[in-house]
file upload_7.tsv (TSV, C-alpha atoms)
chain	number	residue	atom	x	y	z
A	17	MET	CA	105.66	117.34	71.29
A	18	LEU	CA	103.64	117.27	68.06
A	19	VAL	CA	101.54	120.02	66.57
A	20	VAL	CA	98.75	119.33	64.11
A	21	LEU	CA	98.07	121.93	61.44
A	22	MET	CA	94.75	121.55	59.64
A	23	LEU	CA	93.93	123.39	56.45
A	24	PRO	CA	90.42	124.83	56.44
A	25	VAL	CA	87.80	122.46	55.09
A	26	VAL	CA	85.64	124.15	52.50
A	27	PHE	CA	82.40	122.55	51.35
A	28	LEU	CA	81.01	123.84	48.04
A	29	SER	CA	77.53	122.84	46.95
A	30	PHE	CA	76.79	122.41	43.26
A	31	GLY	CA	73.60	120.39	43.15
A	32	LYS	CA	74.05	116.90	44.63
A	33	ALA	CA	76.89	116.66	47.19
A	34	ASP	CA	79.93	114.54	46.32
A	35	THR	CA	80.37	112.17	49.28
A	36	SER	CA	82.98	109.86	47.75
A	37	VAL	CA	86.07	108.95	49.80
A	38	SER	CA	88.41	110.69	47.35
A	39	ALA	CA	86.36	113.87	47.54
A	40	VAL	CA	86.45	113.95	51.34
A	41	GLN	CA	90.20	113.23	51.36
A	42	SER	CA	90.85	116.05	48.87
A	43	GLN	CA	89.05	118.48	51.17
A	44	GLN	CA	91.08	117.60	54.27
A	45	VAL	CA	94.88	117.76	54.56
A	46	GLN	CA	96.65	116.86	57.77
A	47	GLN	CA	100.31	117.58	58.47
A	48	ILE	CA	102.17	116.72	61.67
A	49	PHE	CA	105.46	118.40	62.56
A	50	TYR	CA	107.82	118.26	65.52
A	51	THR	CA	107.93	121.33	67.77
A	52	SER	CA	111.16	120.20	69.46
A	53	ILE	CA	114.15	118.06	68.53
A	54	PRO	CA	113.32	114.36	69.12
A	55	GLN	CA	115.52	112.07	71.17
A	56	ARG	CA	117.77	109.81	69.07
A	57	PRO	CA	116.29	110.91	65.69
A	58	VAL	CA	116.39	108.39	62.84
A	59	VAL	CA	115.03	108.38	59.29
A	60	LEU	CA	112.10	105.96	59.05
A	61	LYS	CA	111.56	106.26	55.32
A	62	GLU	CA	113.67	107.94	52.66
A	63	VAL	CA	113.70	111.73	52.95
A	64	VAL	CA	114.96	114.55	50.76
A	65	SER	CA	117.64	116.92	52.06
A	66	TYR	CA	117.69	120.59	51.15
A	67	LYS	CA	120.14	123.47	51.07
A	68	ASP	CA	117.72	125.92	52.70
A	69	ALA	CA	115.29	125.92	55.64
A	70	SER	CA	112.39	126.70	53.29
A	71	LEU	CA	113.04	123.35	51.61
A	72	LYS	CA	113.25	124.72	48.08
A	73	GLU	CA	116.66	123.62	46.79
A	74	LYS	CA	117.28	119.84	46.95
A	75	THR	CA	120.72	118.50	47.74
A	76	GLY	CA	120.11	114.75	47.90
A	77	GLN	CA	118.31	111.90	49.66
A	78	ILE	CA	118.81	110.25	53.03
A	79	LYS	CA	118.19	106.49	53.32
A	80	PRO	CA	115.99	104.80	55.96
A	81	LYS	CA	117.62	103.91	59.31
A	82	THR	CA	120.07	106.79	58.99
A	83	GLN	CA	120.77	108.48	62.33
A	84	LEU	CA	120.51	112.27	62.17
A	85	GLN	CA	122.63	114.88	63.90
A	86	ILE	CA	120.09	117.68	64.35
A	87	ILE	CA	121.40	121.01	65.63
A	88	ALA	CA	118.30	123.17	65.35
A	89	LEU	CA	114.60	123.32	64.61
A	90	LYS	CA	113.69	126.11	62.22
A	91	GLY	CA	109.98	126.34	61.61
A	92	LYS	CA	108.99	123.07	59.99
A	93	SER	CA	112.55	122.08	59.17
A	94	PHE	CA	115.46	120.48	61.00
A	95	GLU	CA	118.95	121.83	60.46
A	96	LEU	CA	121.51	119.03	60.39
A	97	SER	CA	125.12	119.15	61.53
A	98	ASN	CA	126.25	119.46	57.90
A	99	HIS	CA	123.95	122.52	57.64
A	100	GLN	CA	121.55	120.83	55.28
A	101	TYR	CA	117.85	120.69	56.08
A	102	VAL	CA	115.08	118.10	56.17
A	103	SER	CA	111.38	118.36	56.84
A	104	ALA	CA	110.42	118.05	60.51
A	105	ASP	CA	107.63	115.69	59.47
A	106	SER	CA	107.12	113.12	62.26
A	107	LYS	CA	105.99	110.48	59.79
A	108	SER	CA	109.43	110.38	58.17
A	109	ILE	CA	111.68	110.97	61.17
A	110	ILE	CA	111.22	109.02	64.38
A	111	SER	CA	112.57	109.05	67.90
A	112	ASP	CA	114.40	105.72	67.97
A	113	VAL	CA	113.79	104.77	71.60
A	114	LEU	CA	112.10	101.93	73.49
A	115	MET	CA	108.36	102.39	73.01
A	116	SER	CA	107.01	100.00	75.66
A	117	LYS	CA	108.02	97.17	77.99
A	118	LYS	CA	105.99	94.77	80.13
A	119	ASP	CA	106.38	91.59	82.16
A	120	VAL	CA	105.40	88.29	80.54
A	121	ASN	CA	105.67	84.60	81.33
A	122	GLN	CA	106.05	82.88	77.99
A	123	THR	CA	107.93	79.83	76.74
A	124	ILE	CA	109.44	80.40	73.31
A	125	TYR	CA	111.40	78.16	70.95
A	126	THR	CA	114.21	78.65	68.47
A	127	THR	CA	113.57	77.02	65.11
A	128	LYS	CA	116.81	78.37	63.61
A	129	ALA	CA	119.99	80.05	64.84
A	130	VAL	CA	118.96	83.22	66.71
A	131	ASP	CA	121.00	86.30	67.65
A	132	VAL	CA	120.65	87.41	71.27
A	133	LEU	CA	120.99	91.18	71.66
A	134	TYR	CA	122.11	93.12	74.71
A	135	ASN	CA	119.04	95.38	74.34
A	136	PRO	CA	115.84	95.45	72.27
A	137	TYR	CA	116.87	96.43	68.75
A	138	THR	CA	117.12	100.08	67.73
A	139	THR	CA	119.61	101.61	65.32
A	140	PHE	CA	121.55	102.60	68.47
A	141	ASP	CA	121.32	99.10	70.07
A	142	THR	CA	122.60	96.48	67.66
A	143	GLN	CA	125.24	94.61	69.64
A	144	VAL	CA	124.86	90.81	69.55
A	145	TYR	CA	125.50	89.01	72.85
A	146	ILE	CA	125.53	85.44	71.54
A	147	THR	CA	123.92	83.28	68.87
A	148	LEU	CA	121.75	80.41	70.10
A	149	PRO	CA	121.18	77.30	67.98
A	150	ALA	CA	117.85	75.94	66.76
A	151	GLY	CA	115.93	73.62	69.05
A	152	ARG	CA	116.23	75.62	72.26
A	153	SER	CA	113.37	76.08	74.71
A	154	LEU	CA	113.59	79.48	76.41
A	155	GLN	CA	111.65	81.31	79.08
A	156	ALA	CA	110.74	84.91	78.30
A	157	ASN	CA	110.05	87.21	81.26
A	158	LYS	CA	109.68	90.59	79.52
A	159	MET	CA	108.46	91.84	76.18
A	160	ALA	CA	109.50	95.18	74.64
A	161	ARG	CA	108.47	97.08	71.53
A	162	THR	CA	110.61	99.42	69.45
A	163	ASN	CA	110.01	101.07	66.10
A	164	TRP	CA	111.51	97.99	64.49
A	165	GLY	CA	109.56	95.19	66.13
A	166	THR	CA	108.79	93.23	69.29
A	167	TYR	CA	111.50	91.60	71.41
A	168	TYR	CA	111.52	89.03	74.23
A	169	GLN	CA	113.93	89.15	77.16
A	170	ILE	CA	115.17	85.62	77.83
A	171	SER	CA	117.36	83.83	80.34
A	172	PHE	CA	120.01	81.41	79.09
A	173	ASN	CA	123.27	79.73	80.06
A	174	GLY	CA	122.50	79.68	83.76
A	175	GLY	CA	121.20	83.19	84.32
A	176	GLN	CA	122.49	85.43	81.53
A	177	THR	CA	119.82	87.62	79.95
A	178	GLY	CA	119.38	89.14	76.51
A	179	TRP	CA	116.77	90.00	73.90
A	180	VAL	CA	115.55	88.13	70.82
A	181	ASP	CA	113.37	89.28	67.95
A	182	SER	CA	109.87	87.79	68.22
A	183	GLN	CA	110.01	87.13	64.47
A	184	SER	CA	112.98	84.80	64.92
A	185	VAL	CA	111.34	82.52	67.51
A	186	THR	CA	107.99	80.81	67.93
A	187	THR	CA	105.59	80.28	70.82
A	188	ASN	CA	104.54	76.97	69.28
A	189	ASN	CA	106.43	73.97	70.60
A	190	PRO	CA	107.94	72.32	67.49
A	191	GLN	CA	107.65	68.94	69.21
A	192	MET	CA	103.88	69.39	69.33
A	193	VAL	CA	103.83	69.81	65.56
A	194	VAL	CA	105.71	66.53	65.19
A	195	LEU	CA	103.41	64.83	67.68
A	196	GLN	CA	100.27	66.04	65.93
A	197	LYS	CA	101.45	64.43	62.68
A	198	LEU	CA	102.19	61.18	64.51
A	199	LEU	CA	98.79	61.07	66.21
A	200	ASN	CA	97.04	61.83	62.92
A	201	GLN	CA	98.88	58.98	61.21
A	202	LYS	CA	98.26	56.37	63.89
A	203	TYR	CA	95.06	57.26	65.75
A	204	SER	CA	92.66	59.10	63.44
A	205	ASP	CA	89.86	56.71	64.35
A	206	SER	CA	86.47	57.44	65.90
A	207	LYS	CA	87.19	55.05	68.77
A	208	TYR	CA	89.81	57.49	70.11
A	209	SER	CA	89.49	60.92	71.67
A	210	ILE	CA	92.97	62.21	72.50
A	211	TYR	CA	93.95	65.53	74.08
A	212	VAL	CA	97.51	66.74	74.69
A	213	LYS	CA	98.60	70.01	76.31
A	214	ASP	CA	102.18	71.16	76.75
A	215	LEU	CA	102.15	72.83	80.15
A	216	GLU	CA	105.12	75.08	79.39
A	217	SER	CA	103.92	76.66	76.15
A	218	GLY	CA	100.20	76.06	76.61
A	219	ASN	CA	100.07	74.51	73.13
A	220	VAL	CA	97.23	72.05	72.62
A	221	ILE	CA	96.84	69.30	70.02
A	222	GLY	CA	94.72	66.18	69.70
A	223	VAL	CA	92.71	63.72	67.70
A	224	ASN	CA	88.92	63.88	67.97
A	225	GLN	CA	89.51	65.80	71.20
A	226	ASN	CA	86.04	67.36	71.07
A	227	GLU	CA	84.23	64.05	70.50
A	228	LYS	CA	82.30	62.95	73.60
A	229	MET	CA	82.14	59.51	75.18
A	230	TYR	CA	80.81	58.04	78.39
A	231	SER	CA	83.55	59.09	80.82
A	232	ALA	CA	83.00	56.53	83.62
A	233	SER	CA	85.22	57.38	86.60
A	234	LEU	CA	86.87	60.33	84.85
A	235	SER	CA	83.83	62.20	86.14
A	236	LYS	CA	85.32	61.95	89.61
A	237	LEU	CA	87.84	64.63	88.61
A	238	PRO	CA	85.35	67.51	88.89
A	239	ILE	CA	84.45	66.27	92.36
A	240	LEU	CA	88.08	66.21	93.45
A	241	TYR	CA	88.56	69.70	91.98
A	242	TRP	CA	85.58	71.12	93.87
A	243	VAL	CA	86.59	69.56	97.18
A	244	GLN	CA	90.13	70.91	96.85
A	245	LYS	CA	88.86	74.37	95.97
A	246	ARG	CA	86.71	74.39	99.13
A	247	ILE	CA	89.72	73.28	101.17
A	248	ASN	CA	91.87	76.04	99.68
A	249	LYS	CA	89.18	78.62	100.48
A	250	GLY	CA	89.04	77.45	104.09
A	251	GLU	CA	85.43	76.26	103.82
A	252	ILE	CA	86.27	72.69	104.81
A	253	ASN	CA	89.22	70.81	106.34
A	254	LEU	CA	90.92	67.54	105.50
A	255	SER	CA	90.13	66.35	109.02
A	256	ASP	CA	86.38	66.95	108.72
A	257	ASN	CA	84.26	63.81	109.23
A	258	LEU	CA	81.51	62.79	106.80
A	259	THR	CA	79.04	60.05	107.72
A	260	TYR	CA	78.30	57.16	105.37
A	261	THR	CA	74.48	56.97	105.44
A	262	SER	CA	72.06	55.27	103.06
A	263	LYS	CA	71.30	58.64	101.41
A	264	VAL	CA	74.83	58.80	100.06
A	265	ASN	CA	74.19	56.13	97.42
A	266	GLY	CA	70.52	56.85	96.80
A	267	TRP	CA	70.46	60.18	94.95
A	268	SER	CA	70.35	60.83	91.25
A	269	GLY	CA	73.92	61.21	90.06
A	270	SER	CA	75.58	58.84	92.49
A	271	TYR	CA	77.77	55.98	91.24
A	272	GLU	CA	76.75	52.35	91.72
A	273	ALA	CA	77.91	51.37	95.21
A	274	ASN	CA	79.04	47.94	94.05
A	275	GLY	CA	81.67	49.34	91.72
A	276	THR	CA	85.37	49.78	92.38
A	277	GLY	CA	86.80	50.60	95.80
A	278	SER	CA	87.04	49.19	99.29
A	279	LEU	CA	84.17	50.84	101.19
A	280	PRO	CA	81.16	48.53	101.77
A	281	ASP	CA	78.22	48.67	99.36
A	282	SER	CA	75.77	49.24	102.21
A	283	ALA	CA	75.94	52.25	104.51
A	284	ASP	CA	77.89	51.47	107.69
A	285	LYS	CA	77.05	54.81	109.38
A	286	LYS	CA	80.71	55.35	110.13
A	287	ASN	CA	82.57	58.63	109.83
A	288	TYR	CA	85.32	59.08	107.26
A	289	THR	CA	87.63	62.08	107.01
A	290	VAL	CA	87.71	64.21	103.89
A	291	LEU	CA	91.36	63.23	103.36
A	292	ASP	CA	90.52	59.52	103.56
A	293	LEU	CA	87.68	59.93	101.06
A	294	ILE	CA	89.89	61.91	98.68
A	295	ASN	CA	92.53	59.18	98.74
A	296	ARG	CA	89.98	56.41	98.20
A	297	THR	CA	88.39	58.33	95.31
A	298	ALA	CA	91.67	59.12	93.56
A	299	LYS	CA	93.82	56.09	94.35
A	300	GLN	CA	91.19	53.31	94.34
A	301	SER	CA	88.52	55.03	92.21
A	302	ASP	CA	86.17	54.15	95.08
A	303	ASN	CA	82.56	54.79	94.03
A	304	VAL	CA	81.19	55.11	97.54
A	305	ALA	CA	83.92	57.53	98.63
A	306	SER	CA	83.14	59.65	95.58
A	307	ASN	CA	79.42	59.51	96.42
A	308	ILE	CA	80.05	60.69	99.97
A	309	LEU	CA	82.12	63.65	98.80
A	310	SER	CA	79.54	64.51	96.15
A	311	TYR	CA	76.62	64.22	98.55
A	312	TYR	CA	78.07	66.50	101.22
A	313	GLU	CA	80.60	68.76	99.50
A	314	THR	CA	79.00	69.43	96.09
A	315	ASN	CA	75.51	69.26	97.64
A	316	GLN	CA	74.52	66.70	95.03
A	317	PHE	CA	76.01	68.68	92.12
A	318	ASN	CA	74.27	71.92	93.01
A	319	PRO	CA	73.95	74.72	90.38
A	320	GLU	CA	77.03	76.58	91.66
A	321	PHE	CA	79.16	73.46	91.27
A	322	GLN	CA	77.72	72.64	87.86
A	323	LYS	CA	78.19	76.17	86.51
A	324	GLU	CA	81.85	76.32	87.45
A	325	ILE	CA	82.65	72.86	86.09
A	326	ASP	CA	80.98	73.78	82.79
A	327	GLN	CA	83.02	76.98	82.58
A	328	ILE	CA	86.28	75.15	83.20
A	329	ALA	CA	85.45	72.30	80.85
A	330	GLY	CA	84.39	74.63	78.07
A	331	GLY	CA	81.06	72.85	77.68
A	332	HIS	CA	78.31	71.20	79.68
A	333	TRP	CA	79.63	68.33	81.80
A	334	ASP	CA	76.48	66.44	82.76
A	335	MET	CA	77.53	64.83	86.03
A	336	LYS	CA	74.69	62.31	85.80
A	337	GLU	CA	75.04	61.21	82.18
A	338	ARG	CA	78.84	61.69	82.24
A	339	ILE	CA	79.21	62.18	78.48
A	340	VAL	CA	82.29	64.36	77.90
A	341	SER	CA	85.25	64.81	75.54
A	342	SER	CA	88.94	64.29	76.27
A	343	GLN	CA	89.49	68.04	75.98
A	344	MET	CA	86.86	68.76	78.64
A	345	VAL	CA	88.50	66.22	80.92
A	346	GLY	CA	91.92	67.72	80.26
A	347	GLN	CA	90.79	71.22	81.13
A	348	VAL	CA	89.30	70.12	84.45
A	349	LEU	CA	92.43	68.11	85.25
A	350	ASP	CA	94.46	71.24	84.50
A	351	ALA	CA	92.29	73.23	86.92
A	352	LEU	CA	92.76	70.58	89.61
A	353	TYR	CA	96.53	70.74	89.04
A	354	ASN	CA	96.43	74.49	89.58
A	355	GLU	CA	94.51	74.03	92.83
A	356	GLY	CA	97.11	71.49	93.97
A	357	GLY	CA	96.82	70.11	97.49
A	358	ALA	CA	95.67	66.71	98.68
A	359	SER	CA	93.16	66.13	95.88
A	360	PHE	CA	95.79	66.48	93.18
A	361	ASN	CA	98.55	64.72	95.09
A	362	ALA	CA	96.26	61.74	95.60
A	363	LEU	CA	96.41	61.10	91.84
A	364	ILE	CA	100.07	60.10	92.28
A	365	ASN	CA	100.92	56.52	93.31
A	366	THR	CA	97.49	55.04	92.66
A	367	ASN	CA	96.36	51.42	92.47
A	368	PHE	CA	96.45	51.68	88.67
A	369	ASP	CA	100.05	52.71	88.02
A	370	ASN	CA	100.90	49.49	86.21
A	371	ILE	CA	98.47	50.12	83.34
A	372	LYS	CA	97.48	52.66	80.71
A	373	ILE	CA	99.32	56.03	80.63
A	374	LYS	CA	101.64	55.36	83.59
A	375	ALA	CA	102.73	52.06	82.04
A	376	GLY	CA	103.76	53.92	78.87
A	377	VAL	CA	106.47	56.06	80.46
A	378	PRO	CA	109.69	55.16	82.31
A	379	SER	CA	109.12	54.08	85.91
A	380	ASN	CA	111.10	57.03	87.29
A	381	ILE	CA	108.70	59.56	85.71
A	382	THR	CA	106.02	60.86	88.09
A	383	VAL	CA	102.49	60.61	86.73
A	384	ALA	CA	99.31	61.96	88.32
A	385	HIS	CA	96.36	60.23	86.71
A	386	LYS	CA	92.76	59.07	86.96
A	387	ILE	CA	91.43	56.08	85.04
A	388	GLY	CA	87.89	55.30	83.94
A	389	ASP	CA	86.39	52.00	82.76
A	390	ALA	CA	82.89	50.83	81.87
A	391	ASP	CA	82.03	48.13	79.34
A	392	ASP	CA	83.97	48.94	76.14
A	393	TYR	CA	84.90	52.38	77.41
A	394	SER	CA	88.44	52.64	78.75
A	395	HIS	CA	90.10	55.94	79.60
A	396	ASP	CA	92.98	57.59	81.41
A	397	ALA	CA	93.68	61.25	82.16
A	398	ALA	CA	97.16	62.19	83.33
A	399	ILE	CA	99.75	64.85	83.92
A	400	VAL	CA	103.14	63.41	83.02
A	401	PHE	CA	105.99	65.17	84.81
A	402	ALA	CA	108.63	64.65	82.17
A	403	THR	CA	111.40	67.20	81.63
A	404	HIS	CA	108.72	69.25	79.90
A	405	PRO	CA	105.43	68.33	81.68
A	406	TYR	CA	102.29	67.68	79.68
A	407	ILE	CA	98.66	66.64	80.03
A	408	LEU	CA	97.52	63.54	78.19
A	409	VAL	CA	93.90	62.39	78.14
A	410	VAL	CA	92.92	59.29	76.19
A	411	GLU	CA	89.29	58.20	75.89
A	412	THR	CA	88.59	55.03	73.96
A	413	ASN	CA	85.57	53.06	72.90
A	414	GLY	CA	87.02	49.65	72.16
A	415	GLY	CA	90.65	50.77	72.12
A	416	GLU	CA	91.77	49.96	75.66
A	417	GLY	CA	94.85	48.07	74.53
A	418	GLN	CA	96.22	51.13	72.74
A	419	ILE	CA	96.34	53.56	75.69
A	420	THR	CA	99.79	52.42	76.83
A	421	GLN	CA	101.08	52.60	73.25
A	422	ILE	CA	99.64	56.10	72.82
A	423	SER	CA	101.34	57.10	76.06
A	424	GLN	CA	104.65	55.69	74.80
A	425	ASP	CA	104.30	57.58	71.52
A	426	VAL	CA	103.53	60.88	73.23
A	427	TYR	CA	106.34	60.54	75.74
A	428	GLY	CA	108.76	59.56	72.98
A	429	VAL	CA	108.21	62.92	71.29
A	430	LEU	CA	107.72	65.24	74.28
A	431	LYS	CA	110.25	63.84	76.74
call {"tool": "encode", "arguments": {"input": "upload_7.tsv", "output": "structure tokens"}}
result
Amino acid sequence: MLVVLMLPVVFLSFGKADTSVSAVQSQQVQQIFYTSIPQRPVVLKEVVSYKDASLKEKTGQIKPKTQLQIIALKGKSFELSNHQYVSADSKSIISDVLMSKKDVNQTIYTTKAVDVLYNPYTTFDTQVYITLPAGRSLQANKMARTNWGTYYQISFNGGQTGWVDSQSVTTNNPQMVVLQKLLNQKYSDSKYSIYVKDLESGNVIGVNQNEKMYSASLSKLPILYWVQKRINKGEINLSDNLTYTSKVNGWSGSYEANGTGSLPDSADKKNYTVLDLINRTAKQSDNVASNILSYYETNQFNPEFQKEIDQIAGGHWDMKERIVSSQMVGQVLDALYNEGGASFNALINTNFDNIKIKAGVPSNITVAHKIGDADDYSHDAAIVFATHPYILVVETNGGEGQITQISQDVYGVLK
């Protein structure tokens, strides 16, 4: 318990009042003293020791981080076990205990050799469990604060746990730093918009990632996201039937019916299940299937749909003009990944797995992706399930041939 003693504040007026900071400070003095003996007392900053409880006769100085053996509180002084005295000022003597602890879910990285402690560091908890080398990726599940800093609880070596100083690790994936330099060296060109997100750390890098291009069929990703969200909320079912009528291809915002896909250009008035339309949209990039889903399930890009897509994308995604950046695409793909389900799973094993991003990684690596092509615009947006999964979105205007090489470069660093 702390008690605050305030000296009386006296204001004297001699003509114009002195309102300077130094004048106000000189009029107010605040002292804070303990009213009981603190738990695990330790010297925070150097203090003077005295022979008497009135703190008149000095005997020496006590260095910071010194643990104190206090046997009594006498007024505003502590009596130590050697029968010397120190001020009971709480600014100089602290209770060296855990101050706070909370759950976290954070990937951290060692950039140098790091000591793992049994407990968050205090002057009473200094035992080192093990020393981990640089280059380790670790998962932190708790964060604690003491008087000496912030500490992460980590798991390592198959389930052992310990604590590391937050100052000795980083939340930035060092591989992403290396990758950013590589992308800058090879692809700093206006014909590329590249976005990369490490899904473990959440770190994001890129080249021209905020530059917008015509997105072509990448704009089918918001549709797939919205359909999956409605499925997850129980508003629609995969088995629901939607009828292919002439209205499906005749509204502002629909894709050209004669584009990619296997459904006929003209309405056949047949029913197609939501699951079938999802698969055609994702795996074949079928324009008509996308139009049917958009017509019925987004209600022709109604305001509710548009508002949510804009919020996720971090900017206005005009579903008619389809001019967006690689970062906007990446953020919507990330949201679709978090929804999961049939709409996301349909992006795996598509008709386009022999080109672009998928072609740039080993064949045994799972890739969920959506391509987009129109004239000189060639794009791909993917989640690559490497050992450390990541999002890669590449938009190009005249750089189609480089998407596979970009994918190889990114995988080569992040694998």
call {"tool": "atom_distance", "arguments": {"input": "upload_7.tsv", "atom1": "CA of Ile86 (chain A)", "atom2": "CA of Val64 (chain A)"}}
result
14.9 Å
call {"tool": "residues_around", "arguments": {"input": "upload_7.tsv", "residues": "Gly266 (chain A)", "least_positions_apart": "4", "cutoff": "12 Å", "atoms": "only C-alpha atoms", "output": "ChimeraX atom specification"}}
result
/A:260-262,270-273,281-283,304,307-308,310-311,316
call {"tool": "residues_around", "arguments": {"input": "upload_7.tsv", "residues": "region 68-73 of chain A", "least_positions_apart": "4", "cutoff": "10 Å", "atoms": "only C-alpha atoms", "output": "PDB file with C-alpha atoms, keeping the file's coordinate frame"}}
result
ATOM      1  CA  VAL A  64     114.960 114.550  50.760  1.00  0.00           C
ATOM      2  CA  LEU A  89     114.600 123.320  64.610  1.00  0.00           C
ATOM      3  CA  LYS A  90     113.690 126.110  62.220  1.00  0.00           C
ATOM      4  CA  GLY A  91     109.980 126.340  61.610  1.00  0.00           C
ATOM      5  CA  LYS A  92     108.990 123.070  59.990  1.00  0.00           C
ATOM      6  CA  SER A  93     112.550 122.080  59.170  1.00  0.00           C
ATOM      7  CA  PHE A  94     115.460 120.480  61.000  1.00  0.00           C
ATOM      8  CA  GLU A  95     118.950 121.830  60.460  1.00  0.00           C
ATOM      9  CA  HIS A  99     123.950 122.520  57.640  1.00  0.00           C
ATOM     10  CA  GLN A 100     121.550 120.830  55.280  1.00  0.00           C
ATOM     11  CA  TYR A 101     117.850 120.690  56.080  1.00  0.00           C
ATOM     12  CA  VAL A 102     115.080 118.100  56.170  1.00  0.00           C
ATOM     13  CA  SER A 103     111.380 118.360  56.840  1.00  0.00           C
TER      14      SER A 103
END
call {"tool": "atom_distance", "arguments": {"input": "upload_7.tsv", "atom1": "CA of Asn303 (chain A)", "atom2": "CA of Ile364 (chain A)"}}
result
18.4 Å
call {"tool": "closest_residue", "arguments": {"input": "upload_7.tsv", "among": "A:Gln201, A:Asn367, A:Ser233, A:Asn380", "to": "Gln300 (chain A)", "atoms": "all atoms listed in the file"}}
result
A:Asn367
call {"tool": "closest_residue", "arguments": {"input": "upload_7.tsv", "among": "A:Ala397, A:Ala390, A:Leu349, A:Leu198", "to": "Leu430 (chain A)", "atoms": "all atoms listed in the file"}}
result
A:Leu198
call {"tool": "residues_around", "arguments": {"input": "upload_7.tsv", "residues": "Val130 (chain A)", "least_positions_apart": "5", "cutoff": "7 Å", "atoms": "all atoms listed in the file", "output": "PyMOL selection string"}}
result
chain A and resi 147-149+184
call {"tool": "axis_aligned_box", "arguments": {"input": "upload_7.tsv", "around": "region 360-376 of chain A", "padding_each_side": "5 Å", "output": "AutoDock Vina command-line options"}}
result
--center_x 99.8 --center_y 58.0 --center_z 87.2 --size_x 18.0 --size_y 27.0 --size_z 26.7
call {"tool": "residues_around", "arguments": {"input": "upload_7.tsv", "residues": "Ile422 (chain A)", "least_positions_apart": "6", "cutoff": "10 Å", "atoms": "all atoms listed in the file", "output": "list in words"}}
result
Leu199, Lys202, Tyr203, Ile210, Lys372, Ile373, Gly376, Leu408, Val410 and Gly428 of chain A
call {"tool": "atom_distance", "arguments": {"input": "upload_7.tsv", "atom1": "CA of Thr186 (chain A)", "atom2": "CA of Gly174 (chain A)"}}
result
21.5 Å
call {"tool": "residues_around", "arguments": {"input": "upload_7.tsv", "residues": "Ser217 (chain A)", "least_positions_apart": "6", "cutoff": "9 Å", "atoms": "all atoms listed in the file", "output": "number ranges by chain"}}
result
A: 122-124, 187-189
call {"tool": "write_last_selection", "arguments": {"input": "upload_7.tsv", "atoms": "C-alpha atoms", "output": "compact mmCIF listing (two decimals), in the coordinates of the input"}}
result
# COMPACT_ATOMS: atom_id res chain seq x y z
CA GLN A 122 106.05 82.88 77.99
CA THR A 123 107.93 79.83 76.74
CA ILE A 124 109.44 80.40 73.31
CA THR A 187 105.59 80.28 70.82
CA ASN A 188 104.54 76.97 69.28
CA ASN A 189 106.43 73.97 70.60
call {"tool": "residues_near_point", "arguments": {"input": "upload_7.tsv", "point": "(107.8, 68.9, 76.9)", "cutoff": "12 Å", "atoms": "all atoms listed in the file", "output": "VMD selection string"}}
result
chain A and resid 123 125 152 to 153 188 to 192 195 212 to 220 399 to 408 426 to 431
call {"tool": "write_last_selection", "arguments": {"input": "upload_7.tsv", "atoms": "C-alpha atoms", "output": "short mmCIF file (atom, residue, chain, number, x, y, z; two decimals), keeping the file's coordinate frame"}}
result
data_model
loop_
_atom_site.label_atom_id
_atom_site.label_comp_id
_atom_site.auth_asym_id
_atom_site.auth_seq_id
_atom_site.Cartn_x
_atom_site.Cartn_y
_atom_site.Cartn_z
CA THR A 123 107.93 79.83 76.74
CA TYR A 125 111.40 78.16 70.95
CA ARG A 152 116.23 75.62 72.26
CA SER A 153 113.37 76.08 74.71
CA ASN A 188 104.54 76.97 69.28
CA ASN A 189 106.43 73.97 70.60
CA PRO A 190 107.94 72.32 67.49
CA GLN A 191 107.65 68.94 69.21
CA MET A 192 103.88 69.39 69.33
CA LEU A 195 103.41 64.83 67.68
CA VAL A 212 97.51 66.74 74.69
CA LYS A 213 98.60 70.01 76.31
CA ASP A 214 102.18 71.16 76.75
CA LEU A 215 102.15 72.83 80.15
CA GLU A 216 105.12 75.08 79.39
CA SER A 217 103.92 76.66 76.15
CA GLY A 218 100.20 76.06 76.61
CA ASN A 219 100.07 74.51 73.13
CA VAL A 220 97.23 72.05 72.62
CA ILE A 399 99.75 64.85 83.92
CA VAL A 400 103.14 63.41 83.02
CA PHE A 401 105.99 65.17 84.81
CA ALA A 402 108.63 64.65 82.17
CA THR A 403 111.40 67.20 81.63
CA HIS A 404 108.72 69.25 79.90
CA PRO A 405 105.43 68.33 81.68
CA TYR A 406 102.29 67.68 79.68
CA ILE A 407 98.66 66.64 80.03
CA LEU A 408 97.52 63.54 78.19
CA VAL A 426 103.53 60.88 73.23
CA TYR A 427 106.34 60.54 75.74
CA GLY A 428 108.76 59.56 72.98
CA VAL A 429 108.21 62.92 71.29
CA LEU A 430 107.72 65.24 74.28
CA LYS A 431 110.25 63.84 76.74
#
call {"tool": "closest_residue", "arguments": {"input": "upload_7.tsv", "among": "A:Tyr208, A:Trp267, A:Trp333, A:Trp179", "to": "Tyr393 (chain A)", "atoms": "all atoms listed in the file"}}
result
A:Tyr208
call {"tool": "closest_residue", "arguments": {"input": "upload_7.tsv", "among": "A:Gln55, A:Ser171, A:Ser108, A:Thr412", "to": "Ser204 (chain A)", "atoms": "all atoms listed in the file"}}
result
A:Thr412
call {"tool": "closest_residue", "arguments": {"input": "upload_7.tsv", "among": "A:Ala305, A:Leu258, A:Ile170, A:Val377", "to": "Ser278 (chain A)", "atoms": "all atoms listed in the file"}}
result
A:Ala305
